[in-house]
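First up is the structure itself, then whatever we jot down about it.
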Amino acid sequence: MQPTFVLVHGAFANSFSFAPLQAELGLLGHRSVAVDLPGHGFAATFPQAYQAPQDLAGLATTPGAIKGVTLADNAAHLIGILERAKRNGPVILVSHSRGGMTATVAANQRPDLIDRIVYVSAWCPVDLDVSAYYAEPEMATADATALASAIVANPAELGLLRSNFRTADPGVLAAFKEAFLADGTDEEFMVFLNTFQPDENLDAGTPDDRAQADSWGRIPKTYVRLTEDTSVPLAMQDRMIREGDALTPENPYDVRTLTSSHLKWLVEPAPAARVLGEVAGLLPAAS
């Protein structure tokens, strides 16, 4: 039976960023579904203060729909989609960046719904919580100031992370480009930046949300490394792989590699679509 790719976005992103990849997958004969996690996509908040001319004071105080959304909410939403997709045959769950946290929790809870899990430069915490990894040596080359410089509100007061991706500050824009799409053109970068939404939830999970050997560990898994990624550096991606392999040595990652920054694989998705097609070929033949 034909598998369904279920695609899970990262922080401040949404299903829209997967449209070019879905087109390539479709042209290769593959079925896919792009997920909008709670508070994302058409459920996102775009305050009037975010428009031009911007009202930064208003932007810092306007409530956002994503306030109070938890990692558990994200996982429950994803599980509902996986249940529907599974009715049609095998499911390949693909996550990017922060979306890996949601995919991991869903895999811990419902491994029966996932025939293969794929992380594309995505977080799959094993030994530490995701927030703790940022203090590790593998993250030393990541520029944490890029996102912090665009934060326009006190997260504790607003109950969410709010970034001004529509800033015209050349220094902030240059930092964003270096972090997300250094291998793209300025035009590609600006287009992608304008698909981001300003708000993201605060919940980064607990030790209970790390990969669990007796559930997550039963699922065949693939990790797609992005060699030019400076947001989740290659050293950290490789650490994710090592930790996962150590947790389930009998079920190691199938490892693939793309020459790409954090976002270039979505801007020029043909190589990624081919890799995912190869991964689909790893599913056992239907009996």
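Ordering of the structure tokens sets the chain letters (A, B, ...), residue numbers begin anew at 1 in every chain, and ligands are numbered from 1 in the order given.
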
Could you tell me, as a compact mmCIF listing (two decimals) with C-alpha atoms, in the first residue's frame, which residues of range 95-141 of chain A DSSP assigns to strand (DSSP E) when given the backbone?
```txt
# COMPACT_ATOMS: atom_id res chain seq x y z
CA SER A 95 9.69 16.34 11.27
CA HIS A 96 11.93 19.37 10.97
CA SER A 97 13.69 21.37 13.67
CA ARG A 116 8.95 4.99 9.98
CA ILE A 117 9.96 8.23 11.66
CA VAL A 118 12.22 10.70 9.87
CA TYR A 119 14.04 13.61 11.48
CA VAL A 120 15.37 16.33 9.17
CA SER A 121 17.84 18.30 11.29
CA ALA A 122 15.24 17.91 14.01
```

Polymer residues at most 8 Å from Thr257 in chain A, only C-alpha atoms, same-chain spacing of 5 or more positions, as a list in words
Val224, Arg225, Leu226 and Thr227 of chain A

Using only C-alpha atoms, what does the table of range 126-212 of chain A residues within 9 Å of range 57-61 of chain A look like, with each row giving the shortest atom pair and its distance in Å to one decimal, sorted by chain and ascending number, as a Markdown table?
```
| residue | atom | partner | partner_atom | distance |
| --- | --- | --- | --- | --- |
| A:Ile151 | CA | A:Ala60 | CA | 8.9 |
| A:Val152 | CA | A:Ala60 | CA | 5.5 |
| A:Ala153 | CA | A:Ala60 | CA | 4.4 |
| A:Asn154 | CA | A:Ala60 | CA | 7.5 |
| A:Glu157 | CA | A:Thr61 | CA | 8.6 |
| A:Leu158 | CA | A:Thr61 | CA | 6.7 |
| A:Arg162 | CA | A:Ala60 | CA | 7.8 |
| A:Asn164 | CA | A:Leu59 | CA | 8.6 |
```

How would the residues just chosen look if you wrote them out with N, CA, C and O atoms as an mmCIF file, in the first residue's frame?
```cif
data_model
loop_
_atom_site.group_PDB
_atom_site.id
_atom_site.type_symbol
_atom_site.label_atom_id
_atom_site.label_comp_id
_atom_site.auth_asym_id
_atom_site.auth_seq_id
_atom_site.Cartn_x
_atom_site.Cartn_y
_atom_site.Cartn_z
ATOM 1 N N ILE A 151 12.953 39.436 19.463
ATOM 2 C CA ILE A 151 11.882 39.262 20.438
ATOM 3 C C ILE A 151 11.352 40.636 20.843
ATOM 4 O O ILE A 151 12.123 41.524 21.215
ATOM 5 N N VAL A 152 10.044 40.819 20.778
ATOM 6 C CA VAL A 152 9.457 42.142 21.015
ATOM 7 C C VAL A 152 8.602 42.200 22.272
ATOM 8 O O VAL A 152 7.999 43.242 22.553
ATOM 9 N N ALA A 153 8.523 41.105 23.026
ATOM 10 C CA ALA A 153 7.689 41.102 24.219
ATOM 11 C C ALA A 153 8.345 40.248 25.287
ATOM 12 O O ALA A 153 9.217 39.422 24.996
ATOM 13 N N ASN A 154 7.914 40.438 26.504
ATOM 14 C CA ASN A 154 8.364 39.593 27.609
ATOM 15 C C ASN A 154 7.601 38.281 27.547
ATOM 16 O O ASN A 154 6.388 38.263 27.767
ATOM 17 N N GLU A 157 5.278 37.468 30.451
ATOM 18 C CA GLU A 157 4.071 38.288 30.562
ATOM 19 C C GLU A 157 3.061 37.969 29.473
ATOM 20 O O GLU A 157 1.850 37.911 29.728
ATOM 21 N N LEU A 158 3.538 37.747 28.250
ATOM 22 C CA LEU A 158 2.629 37.492 27.132
ATOM 23 C C LEU A 158 2.211 36.028 27.064
ATOM 24 O O LEU A 158 1.189 35.691 26.473
ATOM 25 N N ARG A 162 7.241 35.922 20.994
ATOM 26 C CA ARG A 162 6.814 36.747 19.858
ATOM 27 C C ARG A 162 8.029 37.415 19.234
ATOM 28 O O ARG A 162 8.768 38.136 19.907
ATOM 29 N N ASN A 164 9.586 39.685 15.845
ATOM 30 C CA ASN A 164 9.242 40.622 14.778
ATOM 31 C C ASN A 164 10.031 40.257 13.522
ATOM 32 O O ASN A 164 11.093 40.812 13.249
#
```

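Distance check against Phe5 in chain A using only C-alpha atoms: of A:Ala142, A:Val267, A:Ala34, A:Ala285, the minimum falls on A:Ala34.
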
Let's see if you can do this: from backbone DSSP, list all alpha helix (DSSP H) residues in range 13-251 of chain A, as JSON, numbers by chain.
{"A": [19, 20, 21, 22, 23, 24, 25, 26, 27, 56, 57, 58, 59, 71, 72, 73, 74, 75, 76, 77, 78, 79, 80, 81, 82, 83, 84, 85, 86, 99, 100, 101, 102, 103, 104, 105, 106, 107, 108, 109, 130, 131, 132, 133, 145, 146, 147, 148, 155, 156, 157, 158, 170, 171, 172, 173, 174, 175, 176, 177, 178, 179, 180, 186, 187, 188, 189, 190, 191, 192, 193, 234, 235, 236, 237, 238, 239, 240, 241, 242, 243, 244, 245, 246, 247]}

Would you please work out which residue, of A:Val105, A:Ala168, A:Ala213, A:Leu266, is nearest to Pro53 in chain A when using only C-alpha atoms?
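Of the candidates, the smallest distance to Pro53 in chain A is held by A:Ala168.
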
Which residue is closest to Val6 in chain A? Choose from A:Ala65, A:Ala43, A:Leu82, A:Leu27 and count only C-alpha atoms.
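Nearest candidate to Val6 in chain A out of A:Ala65, A:Ala43, A:Leu82, A:Leu27: A:Leu82.
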
Determine the nearest neighbour of Pro3 in chain A from the options A:Gln22, A:Ser149, A:Thr45, A:Ser32, counting only C-alpha atoms.
A:Ser32

From the options A:Glu228, A:Glu83, A:Asp254, A:Glu200, which residue's atoms come nearest to Gly41 in chain A, counting only C-alpha atoms?
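Closest to Gly41 in chain A, using only C-alpha atoms: A:Glu200.
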
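Residues lying within 10 Å of Leu193 in chain A, counting only C-alpha atoms and ignoring same-chain neighbours fewer than 2 positions away, are Phe12, Ala13, Phe165, Arg166, Leu173, Phe176, Lys177, Phe180, Leu181, Glu187, Glu188, Phe189, Met190, Val191, Thr195, Phe196 and Gln197 of chain A.
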
Pick the closest to Thr248 in chain A from A:Leu7, A:Ala235, A:Ile219, A:Leu263: which is it, counting only C-alpha atoms?
A:Ile219

Distance query Thr70 in chain A at most 10 Å, only C-alpha atoms, self and fewer than 2 positions along chain excluded, as a PyMOL selection string
chain A and resi 38+66-68+72-76+102+201-205

Distance in Å - CA of Ala150 in chain A versus CA of Thr230 in chain A
17.7 Å
